[in-house]
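Trainee: My structure is in coords-v5.pdb, and what it holds is PDB, C-alpha atoms, pLDDT in the B column:
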ATOM      1  CA  MET A   1     100.869 -41.780 -46.283  1.00 37.00           C
ATOM      2  CA  PRO A   2     101.003 -38.922 -48.828  1.00 43.00           C
ATOM      3  CA  ARG A   3      97.707 -37.549 -50.027  1.00 48.00           C
ATOM      4  CA  GLY A   4      96.459 -38.510 -53.480  1.00 49.00           C
ATOM      5  CA  ALA A   5      96.811 -35.989 -56.269  1.00 50.00           C
ATOM      6  CA  ARG A   6      93.974 -33.473 -56.449  1.00 53.00           C
ATOM      7  CA  ILE A   7      92.191 -33.538 -59.822  1.00 56.00           C
ATOM      8  CA  LEU A   8      91.393 -29.943 -60.772  1.00 59.00           C
ATOM      9  CA  PRO A   9      90.087 -29.551 -64.329  1.00 59.00           C
ATOM     10  CA  GLU A  10      89.599 -25.976 -65.544  1.00 60.00           C
ATOM     11  CA  ILE A  11      86.094 -26.992 -66.612  1.00 70.00           C
ATOM     12  CA  GLY A  12      84.576 -30.316 -65.580  1.00 87.00           C
ATOM     13  CA  VAL A  13      81.871 -32.170 -63.681  1.00 92.00           C
ATOM     14  CA  LEU A  14      82.839 -33.254 -60.172  1.00 92.00           C
ATOM     15  CA  HIS A  15      81.273 -35.336 -57.434  1.00 93.00           C
ATOM     16  CA  ILE A  16      82.361 -33.704 -54.185  1.00 94.00           C
ATOM     17  CA  ILE A  17      82.118 -35.413 -50.790  1.00 94.00           C
ATOM     18  CA  THR A  18      82.660 -33.732 -47.421  1.00 96.00           C
ATOM     19  CA  ARG A  19      82.353 -35.678 -44.152  1.00 96.00           C
ATOM     20  CA  GLY A  20      82.096 -34.714 -40.519  1.00 96.00           C
ATOM     21  CA  ASN A  21      85.096 -35.629 -38.373  1.00 94.00           C
ATOM     22  CA  ASN A  22      84.776 -39.142 -36.936  1.00 91.00           C
ATOM     23  CA  ARG A  23      81.377 -39.402 -38.658  1.00 89.00           C
ATOM     24  CA  GLN A  24      79.912 -36.873 -36.249  1.00 94.00           C
ATOM     25  CA  LYS A  25      76.716 -35.061 -37.157  1.00 96.00           C
ATOM     26  CA  VAL A  26      77.206 -31.784 -38.972  1.00 97.00           C
ATOM     27  CA  PHE A  27      73.457 -31.099 -39.307  1.00 98.00           C
ATOM     28  CA  LYS A  28      71.285 -31.299 -36.195  1.00 97.00           C
ATOM     29  CA  ASP A  29      68.098 -29.505 -37.212  1.00 98.00           C
ATOM     30  CA  ASP A  30      66.322 -28.020 -40.227  1.00 98.00           C
ATOM     31  CA  ALA A  31      67.991 -24.645 -39.730  1.00 98.00           C
ATOM     32  CA  ASP A  32      71.414 -26.256 -40.168  1.00 98.00           C
ATOM     33  CA  TYR A  33      70.480 -27.837 -43.499  1.00 98.00           C
ATOM     34  CA  LYS A  34      68.999 -24.537 -44.655  1.00 98.00           C
ATOM     35  CA  LYS A  35      72.148 -22.658 -43.625  1.00 98.00           C
ATOM     36  CA  TYR A  36      74.358 -24.961 -45.689  1.00 98.00           C
ATOM     37  CA  LEU A  37      72.081 -24.627 -48.729  1.00 98.00           C
ATOM     38  CA  TRP A  38      72.122 -20.843 -48.318  1.00 97.00           C
ATOM     39  CA  LEU A  39      75.921 -20.909 -48.346  1.00 97.00           C
ATOM     40  CA  LEU A  40      75.861 -23.047 -51.490  1.00 97.00           C
ATOM     41  CA  GLY A  41      73.726 -20.431 -53.190  1.00 96.00           C
ATOM     42  CA  LEU A  42      75.987 -17.621 -52.019  1.00 96.00           C
ATOM     43  CA  TYR A  43      79.206 -19.159 -53.290  1.00 96.00           C
ATOM     44  CA  LYS A  44      77.577 -20.536 -56.433  1.00 95.00           C
ATOM     45  CA  GLU A  45      77.129 -16.946 -57.536  1.00 92.00           C
ATOM     46  CA  GLU A  46      80.689 -15.985 -56.627  1.00 94.00           C
ATOM     47  CA  HIS A  47      82.361 -18.954 -58.294  1.00 95.00           C
ATOM     48  CA  GLY A  48      80.043 -19.481 -61.247  1.00 94.00           C
ATOM     49  CA  PHE A  49      79.495 -23.219 -60.936  1.00 95.00           C
ATOM     50  CA  LYS A  50      76.375 -25.217 -61.789  1.00 95.00           C
ATOM     51  CA  LEU A  51      74.882 -27.419 -59.089  1.00 97.00           C
ATOM     52  CA  TYR A  52      73.308 -30.452 -60.755  1.00 96.00           C
ATOM     53  CA  HIS A  53      72.612 -32.751 -57.790  1.00 97.00           C
ATOM     54  CA  TYR A  54      73.110 -32.742 -54.026  1.00 97.00           C
ATOM     55  CA  CYS A  55      72.317 -34.772 -50.946  1.00 98.00           C
ATOM     56  CA  LEU A  56      72.850 -33.528 -47.388  1.00 98.00           C
ATOM     57  CA  MET A  57      73.053 -36.368 -44.889  1.00 98.00           C
ATOM     58  CA  SER A  58      73.352 -35.801 -41.143  1.00 97.00           C
ATOM     59  CA  ASN A  59      77.125 -36.405 -41.130  1.00 97.00           C
ATOM     60  CA  HIS A  60      78.238 -35.788 -44.717  1.00 97.00           C
ATOM     61  CA  VAL A  61      77.524 -33.916 -47.939  1.00 98.00           C
ATOM     62  CA  HIS A  62      77.390 -34.961 -51.610  1.00 97.00           C
ATOM     63  CA  LEU A  63      77.510 -32.349 -54.381  1.00 97.00           C
ATOM     64  CA  ILE A  64      77.672 -32.807 -58.136  1.00 96.00           C
ATOM     65  CA  ILE A  65      78.779 -29.582 -59.790  1.00 95.00           C
ATOM     66  CA  GLU A  66      80.123 -28.361 -63.099  1.00 95.00           C
ATOM     67  CA  THR A  67      82.916 -25.850 -62.726  1.00 93.00           C
ATOM     68  CA  SER A  68      83.634 -22.919 -65.029  1.00 91.00           C
ATOM     69  CA  ARG A  69      86.732 -20.818 -65.664  1.00 90.00           C
ATOM     70  CA  LYS A  70      85.471 -18.566 -62.873  1.00 92.00           C
ATOM     71  CA  THR A  71      85.463 -21.409 -60.336  1.00 92.00           C
ATOM     72  CA  ASN A  72      88.295 -21.649 -57.845  1.00 92.00           C
ATOM     73  CA  LEU A  73      87.355 -25.025 -56.365  1.00 92.00           C
ATOM     74  CA  PRO A  74      89.807 -25.131 -53.415  1.00 91.00           C
ATOM     75  CA  LYS A  75      88.879 -21.577 -52.399  1.00 94.00           C
ATOM     76  CA  MET A  76      85.171 -22.268 -52.839  1.00 94.00           C
ATOM     77  CA  MET A  77      85.200 -25.409 -50.702  1.00 94.00           C
ATOM     78  CA  LYS A  78      87.284 -23.662 -48.041  1.00 95.00           C
ATOM     79  CA  GLN A  79      84.796 -20.795 -47.939  1.00 97.00           C
ATOM     80  CA  ILE A  80      81.759 -23.076 -47.672  1.00 97.00           C
ATOM     81  CA  ASN A  81      83.286 -25.412 -45.101  1.00 96.00           C
ATOM     82  CA  LEU A  82      84.735 -22.642 -42.917  1.00 96.00           C
ATOM     83  CA  SER A  83      81.554 -20.576 -43.037  1.00 97.00           C
ATOM     84  CA  TYR A  84      79.401 -23.534 -42.072  1.00 98.00           C
ATOM     85  CA  MET A  85      81.857 -24.619 -39.364  1.00 97.00           C
ATOM     86  CA  HIS A  86      81.684 -21.136 -37.783  1.00 97.00           C
ATOM     87  CA  HIS A  87      77.881 -21.338 -37.843  1.00 97.00           C
ATOM     88  CA  PHE A  88      77.936 -24.734 -36.126  1.00 97.00           C
ATOM     89  CA  ARG A  89      80.515 -23.745 -33.499  1.00 96.00           C
ATOM     90  CA  LYS A  90      78.669 -20.577 -32.584  1.00 96.00           C
ATOM     91  CA  LYS A  91      75.283 -22.296 -32.411  1.00 97.00           C
ATOM     92  CA  TYR A  92      76.327 -25.414 -30.483  1.00 95.00           C
ATOM     93  CA  LYS A  93      79.393 -24.096 -28.582  1.00 94.00           C
ATOM     94  CA  TYR A  94      81.407 -26.772 -30.368  1.00 92.00           C
ATOM     95  CA  PHE A  95      85.198 -27.027 -30.087  1.00 89.00           C
ATOM     96  CA  GLY A  96      87.581 -29.330 -31.919  1.00 89.00           C
ATOM     97  CA  HIS A  97      88.146 -30.589 -35.432  1.00 91.00           C
ATOM     98  CA  PHE A  98      84.923 -30.371 -37.447  1.00 95.00           C
ATOM     99  CA  TRP A  99      85.397 -31.752 -40.986  1.00 95.00           C
ATOM    100  CA  GLN A 100      87.182 -35.041 -41.708  1.00 91.00           C
ATOM    101  CA  ASP A 101      90.404 -34.281 -43.580  1.00 81.00           C
ATOM    102  CA  ARG A 102      89.883 -32.549 -46.930  1.00 83.00           C
ATOM    103  CA  TYR A 103      86.963 -33.004 -49.270  1.00 89.00           C
ATOM    104  CA  LYS A 104      87.013 -35.671 -51.991  1.00 89.00           C
ATOM    105  CA  SER A 105      86.480 -34.795 -55.646  1.00 88.00           C
ATOM    106  CA  LEU A 106      85.726 -37.388 -58.340  1.00 87.00           C
ATOM    107  CA  LEU A 107      85.731 -36.374 -62.018  1.00 87.00           C
ATOM    108  CA  ILE A 108      82.593 -37.551 -63.867  1.00 88.00           C
ATOM    109  CA  GLU A 109      82.053 -38.061 -67.585  1.00 82.00           C
ATOM    110  CA  LYS A 110      79.330 -35.695 -68.799  1.00 80.00           C
ATOM    111  CA  ASP A 111      76.985 -38.301 -70.270  1.00 79.00           C
ATOM    112  CA  SER A 112      74.710 -40.976 -68.808  1.00 76.00           C
ATOM    113  CA  TYR A 113      77.228 -41.453 -65.975  1.00 83.00           C
ATOM    114  CA  LEU A 114      76.374 -37.951 -64.747  1.00 89.00           C
ATOM    115  CA  LEU A 115      72.667 -38.687 -64.426  1.00 90.00           C
ATOM    116  CA  SER A 116      73.402 -42.077 -62.869  1.00 88.00           C
ATOM    117  CA  CYS A 117      75.710 -40.511 -60.264  1.00 90.00           C
ATOM    118  CA  GLY A 118      73.098 -37.896 -59.459  1.00 93.00           C
ATOM    119  CA  LYS A 119      70.404 -40.485 -58.865  1.00 93.00           C
ATOM    120  CA  TYR A 120      72.849 -42.603 -56.836  1.00 92.00           C
ATOM    121  CA  ILE A 121      73.583 -39.863 -54.299  1.00 94.00           C
ATOM    122  CA  GLU A 122      69.892 -38.990 -54.057  1.00 96.00           C
ATOM    123  CA  LEU A 123      69.146 -42.586 -53.031  1.00 95.00           C
ATOM    124  CA  ASN A 124      71.521 -42.308 -50.055  1.00 95.00           C
ATOM    125  CA  PRO A 125      68.710 -41.783 -47.510  1.00 96.00           C
ATOM    126  CA  VAL A 126      66.975 -44.933 -48.812  1.00 95.00           C
ATOM    127  CA  ARG A 127      70.137 -47.049 -48.631  1.00 94.00           C
ATOM    128  CA  ALA A 128      70.734 -45.699 -45.101  1.00 95.00           C
ATOM    129  CA  ARG A 129      67.129 -46.699 -44.219  1.00 96.00           C
ATOM    130  CA  ILE A 130      66.285 -43.193 -43.083  1.00 97.00           C
ATOM    131  CA  VAL A 131      63.284 -43.244 -45.434  1.00 97.00           C
ATOM    132  CA  SER A 132      61.634 -45.961 -47.507  1.00 96.00           C
ATOM    133  CA  ARG A 133      61.224 -43.781 -50.619  1.00 94.00           C
ATOM    134  CA  PRO A 134      63.486 -40.967 -51.862  1.00 95.00           C
ATOM    135  CA  ASP A 135      60.591 -38.497 -52.083  1.00 94.00           C
ATOM    136  CA  GLU A 136      60.174 -38.739 -48.294  1.00 96.00           C
ATOM    137  CA  TYR A 137      63.552 -37.018 -47.745  1.00 97.00           C
ATOM    138  CA  ARG A 138      63.823 -33.230 -47.859  1.00 95.00           C
ATOM    139  CA  TRP A 139      67.506 -32.411 -48.148  1.00 97.00           C
ATOM    140  CA  HIS A 140      68.423 -33.529 -51.629  1.00 97.00           C
ATOM    141  CA  SER A 141      67.681 -32.741 -55.277  1.00 97.00           C
ATOM    142  CA  TYR A 142      65.555 -35.816 -56.018  1.00 96.00           C
ATOM    143  CA  ASN A 143      62.218 -34.054 -55.667  1.00 95.00           C
ATOM    144  CA  VAL A 144      63.219 -31.471 -58.299  1.00 95.00           C
ATOM    145  CA  TYR A 145      64.019 -34.169 -60.862  1.00 96.00           C
ATOM    146  CA  SER A 146      60.978 -36.271 -59.988  1.00 95.00           C
ATOM    147  CA  GLY A 147      58.663 -33.295 -60.517  1.00 92.00           C
ATOM    148  CA  MET A 148      57.647 -32.954 -56.864  1.00 90.00           C
ATOM    149  CA  GLY A 149      59.254 -29.641 -56.030  1.00 86.00           C
ATOM    150  CA  GLU A 150      61.334 -26.656 -57.118  1.00 89.00           C
ATOM    151  CA  ASP A 151      64.827 -25.613 -56.115  1.00 93.00           C
ATOM    152  CA  LYS A 152      66.475 -22.454 -57.425  1.00 93.00           C
ATOM    153  CA  LEU A 153      69.900 -23.868 -56.586  1.00 96.00           C
ATOM    154  CA  ILE A 154      69.590 -26.608 -59.201  1.00 96.00           C
ATOM    155  CA  ALA A 155      70.592 -26.383 -62.848  1.00 95.00           C
ATOM    156  CA  PHE A 156      68.998 -29.372 -64.562  1.00 93.00           C
ATOM    157  CA  ASP A 157      71.441 -32.125 -65.449  1.00 90.00           C
ATOM    158  CA  PRO A 158      71.857 -31.830 -69.253  1.00 87.00           C
ATOM    159  CA  VAL A 159      71.304 -35.576 -69.676  1.00 90.00           C
ATOM    160  CA  TYR A 160      67.995 -35.253 -67.808  1.00 93.00           C
ATOM    161  CA  GLU A 161      66.714 -32.958 -70.545  1.00 90.00           C
ATOM    162  CA  SER A 162      66.990 -35.827 -73.031  1.00 91.00           C
ATOM    163  CA  LEU A 163      64.643 -38.109 -71.060  1.00 93.00           C
ATOM    164  CA  GLY A 164      61.465 -36.675 -72.586  1.00 93.00           C
ATOM    165  CA  LYS A 165      59.778 -33.808 -74.377  1.00 92.00           C
ATOM    166  CA  THR A 166      57.868 -32.539 -71.334  1.00 94.00           C
ATOM    167  CA  GLN A 167      58.736 -32.062 -67.678  1.00 93.00           C
ATOM    168  CA  ASN A 168      56.187 -34.684 -66.647  1.00 94.00           C
ATOM    169  CA  GLU A 169      57.659 -37.219 -69.068  1.00 95.00           C
ATOM    170  CA  ARG A 170      61.191 -36.512 -67.888  1.00 95.00           C
ATOM    171  CA  ALA A 171      60.127 -36.764 -64.235  1.00 95.00           C
ATOM    172  CA  GLU A 172      58.459 -40.142 -64.763  1.00 95.00           C
ATOM    173  CA  LYS A 173      61.490 -41.501 -66.628  1.00 94.00           C
ATOM    174  CA  TYR A 174      63.767 -40.237 -63.856  1.00 94.00           C
ATOM    175  CA  LYS A 175      61.766 -42.005 -61.152  1.00 93.00           C
ATOM    176  CA  GLU A 176      62.155 -45.264 -63.086  1.00 91.00           C
ATOM    177  CA  LEU A 177      65.871 -44.769 -63.719  1.00 86.00           C
ATOM    178  CA  THR A 178      68.291 -47.370 -62.382  1.00 77.00           C
ATOM    179  CA  CYS A 179      71.837 -46.330 -61.553  1.00 71.00           C
ATOM    180  CA  GLU A 180      75.177 -47.978 -60.940  1.00 68.00           C
ATOM    181  CA  ASN A 181      77.024 -48.217 -57.649  1.00 72.00           C
ATOM    182  CA  ILE A 182      79.725 -45.572 -57.393  1.00 71.00           C
ATOM    183  CA  ASN A 183      83.173 -46.440 -56.086  1.00 68.00           C
ATOM    184  CA  LEU A 184      83.915 -43.472 -53.838  1.00 66.00           C
ATOM    185  CA  ASN A 185      87.617 -44.379 -53.775  1.00 68.00           C
ATOM    186  CA  SER A 186      88.059 -43.803 -57.499  1.00 70.00           C
ATOM    187  CA  ARG A 187      89.274 -40.626 -59.195  1.00 71.00           C
ATOM    188  CA  PHE A 188      87.308 -40.843 -62.433  1.00 69.00           C
ATOM    189  CA  ILE A 189      83.762 -42.037 -63.145  1.00 70.00           C
ATOM    190  CA  GLY A 190      82.867 -42.845 -66.729  1.00 66.00           C
ATOM    191  CA  SER A 191      83.511 -45.083 -69.716  1.00 66.00           C
ATOM    192  CA  GLU A 192      86.808 -46.907 -70.168  1.00 75.00           C
ATOM    193  CA  SER A 193      87.854 -44.421 -72.870  1.00 71.00           C
ATOM    194  CA  PHE A 194      87.018 -41.454 -70.611  1.00 73.00           C
ATOM    195  CA  VAL A 195      88.996 -42.903 -67.705  1.00 71.00           C
ATOM    196  CA  LYS A 196      91.978 -43.641 -69.965  1.00 72.00           C
ATOM    197  CA  ASP A 197      91.929 -40.095 -71.371  1.00 71.00           C
ATOM    198  CA  GLN A 198      91.839 -38.570 -67.880  1.00 64.00           C
ATOM    199  CA  GLU A 199      94.663 -40.795 -66.646  1.00 73.00           C
ATOM    200  CA  GLU A 200      96.811 -39.571 -69.515  1.00 72.00           C
ATOM    201  CA  LYS A 201      95.738 -35.940 -69.096  1.00 63.00           C
ATOM    202  CA  PHE A 202      96.458 -35.743 -65.348  1.00 66.00           C
ATOM    203  CA  GLY A 203      99.289 -38.266 -65.235  1.00 63.00           C
ATOM    204  CA  VAL A 204      97.679 -40.437 -62.547  1.00 73.00           C
ATOM    205  CA  ARG A 205      96.034 -43.849 -62.504  1.00 72.00           C
ATOM    206  CA  ASN A 206      92.457 -44.368 -61.481  1.00 72.00           C
ATOM    207  CA  ILE A 207      92.268 -46.024 -58.078  1.00 68.00           C
ATOM    208  CA  GLY A 208      89.949 -48.431 -56.319  1.00 57.00           C
ATOM    209  CA  VAL A 209      88.488 -49.727 -59.572  1.00 51.00           C
ATOM    210  CA  ARG A 210      87.224 -53.268 -59.960  1.00 44.00           C
ATOM    211  CA  LYS A 211      86.974 -55.043 -63.283  1.00 40.00           C
ATOM    212  CA  GLY A 212      83.552 -55.349 -64.880  1.00 39.00           C
ATOM    213  CA  ARG A 213      80.557 -53.034 -64.730  1.00 43.00           C
ATOM    214  CA  PRO A 214      79.289 -52.017 -61.287  1.00 40.00           C
ATOM    215  CA  SER A 215      76.083 -53.494 -59.908  1.00 38.00           C
ATOM    216  CA  LYS A 216      72.834 -51.617 -60.394  1.00 50.00           C
ATOM    217  CA  VAL A 217      71.002 -49.612 -57.755  1.00 46.00           C
ATOM    218  CA  LYS A 218      67.237 -49.421 -58.186  1.00 52.00           C
ATOM    219  CA  ASN A 219      64.812 -46.750 -57.097  1.00 58.00           C
ATOM    220  CA  LYS A 220      62.434 -47.714 -54.276  1.00 48.00           C
TER     221      LYS A 220
END
The structure in this file should be written as structure tokens.
Mentor:
Amino acid sequence: MPRGARILPEIGVLHIITRGNNRQKVFKDDADYKKYLWLLGLYKEEHGFKLYHYCLMSNHVHLIIETSRKTNLPKMMKQINLSYMHHFRKKYKYFGHFWQDRYKSLLIEKDSYLLSCGKYIELNPVRARIVSRPDEYRWHSYNVYSGMGEDKLIAFDPVYESLGKTQNERAEKYKELTCENINLNSRFIGSESFVKDQEEKFGVRNIGVRKGRPSKVKNK
């Protein structure tokens, strides 16, 4: 089957997903997670994107970024994925296909959907039953937004800034935030008007979308 059209806005907010081939582990120890985050920081400077949220799972990666006119997304993702693959192959003497196909990119409306998507990916370790609470997991951006840590990679989600007048107030509101399930087979995430506008702009239909609002995902 032909591949779906790649959505590449000049400036936009994207949820990017990269998976290990055949669901194999791409991170085996703390040093691997740290290496990937270091690469994110390196190429963030080169390509001028903002990293709002992330979650590194053992066999896949979620990133929510906002691109700029400086960002060459295909080149950036190729650089990150190839650099990390070389690290993994050298360290573990690994041979064979490493990443599963190409990365996915979903265009997100820059409003409450952005914050909801960010919280959704940060709850991945809870849904996978790796931890019982999101603050028990190290390799995601949740602890920055919940006021439990700092991360120089993160640019605060602009919607997060509207949650309160102080950092403590925003952190408490974020911990209480509920979010909607994300359909990872879709192209666009947002209101009906946003989706319609993007379909017209890019000349493609949204895919994998069910009628009605998605179910809610609660913090634990």
Trainee: Give me the residues near range 143-153 of chain A as a ChimeraX atom specification, where near means some atom within 6 Å (using only C-alpha atoms) and where sequence neighbours in that chain fewer than 6 positions away do not count.
Mentor: /A:135,171,175
Trainee: In Å, rounded to a single decimal, give me how far CA of Lys110 in chain A is from CA of Leu82 in chain A.
Mentor: 29.5 Å
Trainee: Measuring atom to atom with all atoms listed in the file, identify which of A:Asn22, A:Thr71, A:Gln100, A:Ser58 is nearest to Lys44 in chain A.
Mentor: A:Thr71
Trainee: Just to confirm, what's the straight-line distance from CA of Leu73 in chain A to CA of Phe49 in chain A in Å (one decimal)?
Mentor: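 A separation of 9.3 Å between them.
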Trainee: Separation of CA of Val204 in chain A and CA of His53 in chain A, in Å?
Mentor: 26.6 Å
Trainee: Quick one: everything within 7 Å of Tyr84 in chain A, counting only C-alpha atoms, minus sequence neighbours fewer than 4 positions away in the same chain. Send it as a list in words.
Mentor: Tyr36, Ile80 and Phe88 of chain A
Trainee: Those same residues, written as a JSON list (two decimals), in the frame of the given file with C-alpha atoms?
Mentor:
[["chain", "number", "residue", "atom", "x", "y", "z"],
["A", 36, "TYR", "CA", 74.36, -24.96, -45.69],
["A", 80, "ILE", "CA", 81.76, -23.08, -47.67],
["A", 88, "PHE", "CA", 77.94, -24.73, -36.13]]
Trainee: Quick one: residues within 12 Å of range 25-33 of chain A, all atoms listed in the file counted, chain neighbours fewer than 6 positions away excluded, as an MDAnalysis selection string?
Mentor: chainID A and resid 18:19 39:40 54:61 81 83:92 94 97:100 138:140
Trainee: For the file shown, report as a PyMOL selection string the outcome of the PyMOL selection byres ((chain A and resi 113) around 10) at residue level.
Mentor: chain A and resi 108-112+114-119+159+179-180+182+189-191
Trainee: Centre and edge lengths of an axis-aligned box around all listed atoms of range 152-159 of chain A, with 5 Å added on each side, are to be given in Å to one decimal, as JSON.
Mentor:
{"center_x": 69.2, "center_y": -29.0, "center_z": -63.1, "size_x": 15.4, "size_y": 23.1, "size_z": 23.1}
Trainee: Because some atoms of range 59-87 of chain A are absent here, can you restore N, CA and C atoms and send them as a compact mmCIF listing (two decimals), in the frame of the given file?
Mentor:
# COMPACT_ATOMS: atom_id res chain seq x y z
N ASN A 59 75.69 -36.50 -41.43
CA ASN A 59 77.12 -36.40 -41.13
C ASN A 59 78.01 -36.24 -42.36
N HIS A 60 77.42 -36.05 -43.53
CA HIS A 60 78.24 -35.79 -44.72
C HIS A 60 77.41 -35.16 -45.83
N VAL A 61 78.13 -34.66 -46.84
CA VAL A 61 77.52 -33.92 -47.94
C VAL A 61 78.00 -34.48 -49.27
N HIS A 62 77.07 -34.62 -50.22
CA HIS A 62 77.39 -34.96 -51.61
C HIS A 62 76.94 -33.81 -52.51
N LEU A 63 77.83 -33.37 -53.38
CA LEU A 63 77.51 -32.35 -54.38
C LEU A 63 77.99 -32.83 -55.74
N ILE A 64 77.20 -32.60 -56.77
CA ILE A 64 77.67 -32.81 -58.14
C ILE A 64 77.57 -31.46 -58.84
N ILE A 65 78.73 -30.92 -59.22
CA ILE A 65 78.78 -29.58 -59.79
C ILE A 65 79.55 -29.60 -61.11
N GLU A 66 79.29 -28.60 -61.92
CA GLU A 66 80.12 -28.36 -63.10
C GLU A 66 80.82 -27.03 -62.90
N THR A 67 82.14 -27.06 -62.93
CA THR A 67 82.92 -25.85 -62.73
C THR A 67 83.00 -25.04 -64.03
N SER A 68 83.38 -23.79 -63.89
CA SER A 68 83.63 -22.92 -65.03
C SER A 68 85.02 -22.30 -64.85
N ARG A 69 85.43 -21.48 -65.79
CA ARG A 69 86.73 -20.82 -65.66
C ARG A 69 86.76 -19.85 -64.49
N LYS A 70 85.58 -19.47 -64.02
CA LYS A 70 85.47 -18.57 -62.87
C LYS A 70 85.63 -19.30 -61.55
N THR A 71 85.49 -20.62 -61.57
CA THR A 71 85.46 -21.41 -60.34
C THR A 71 86.86 -21.67 -59.80
N ASN A 72 87.08 -21.27 -58.57
CA ASN A 72 88.30 -21.65 -57.84
C ASN A 72 87.86 -22.68 -56.81
N LEU A 73 87.94 -23.97 -57.20
CA LEU A 73 87.36 -25.02 -56.36
C LEU A 73 87.94 -25.08 -54.96
N PRO A 74 89.27 -25.08 -54.79
CA PRO A 74 89.81 -25.13 -53.42
C PRO A 74 89.34 -23.95 -52.56
N LYS A 75 89.33 -22.75 -53.14
CA LYS A 75 88.88 -21.58 -52.40
C LYS A 75 87.40 -21.69 -52.07
N MET A 76 86.61 -22.14 -53.04
CA MET A 76 85.17 -22.27 -52.84
C MET A 76 84.85 -23.23 -51.71
N MET A 77 85.47 -24.42 -51.73
CA MET A 77 85.20 -25.41 -50.70
C MET A 77 85.68 -24.93 -49.33
N LYS A 78 86.79 -24.22 -49.31
CA LYS A 78 87.28 -23.66 -48.04
C LYS A 78 86.29 -22.65 -47.50
N GLN A 79 85.76 -21.81 -48.38
CA GLN A 79 84.80 -20.80 -47.94
C GLN A 79 83.52 -21.44 -47.39
N ILE A 80 82.99 -22.41 -48.12
CA ILE A 80 81.76 -23.08 -47.67
C ILE A 80 81.98 -23.80 -46.35
N ASN A 81 83.05 -24.60 -46.30
CA ASN A 81 83.29 -25.41 -45.10
C ASN A 81 83.61 -24.56 -43.87
N LEU A 82 84.41 -23.50 -44.05
CA LEU A 82 84.74 -22.64 -42.92
C LEU A 82 83.51 -21.87 -42.45
N SER A 83 82.74 -21.35 -43.40
CA SER A 83 81.55 -20.58 -43.04
C SER A 83 80.56 -21.44 -42.28
N TYR A 84 80.36 -22.67 -42.77
CA TYR A 84 79.40 -23.53 -42.07
C TYR A 84 79.95 -23.97 -40.71
N MET A 85 81.25 -24.23 -40.63
CA MET A 85 81.86 -24.62 -39.36
C MET A 85 81.67 -23.52 -38.32
N HIS A 86 81.86 -22.25 -38.72
CA HIS A 86 81.68 -21.14 -37.78
C HIS A 86 80.23 -21.06 -37.30
N HIS A 87 79.30 -21.30 -38.22
CA HIS A 87 77.88 -21.34 -37.84
C HIS A 87 77.63 -22.41 -36.78
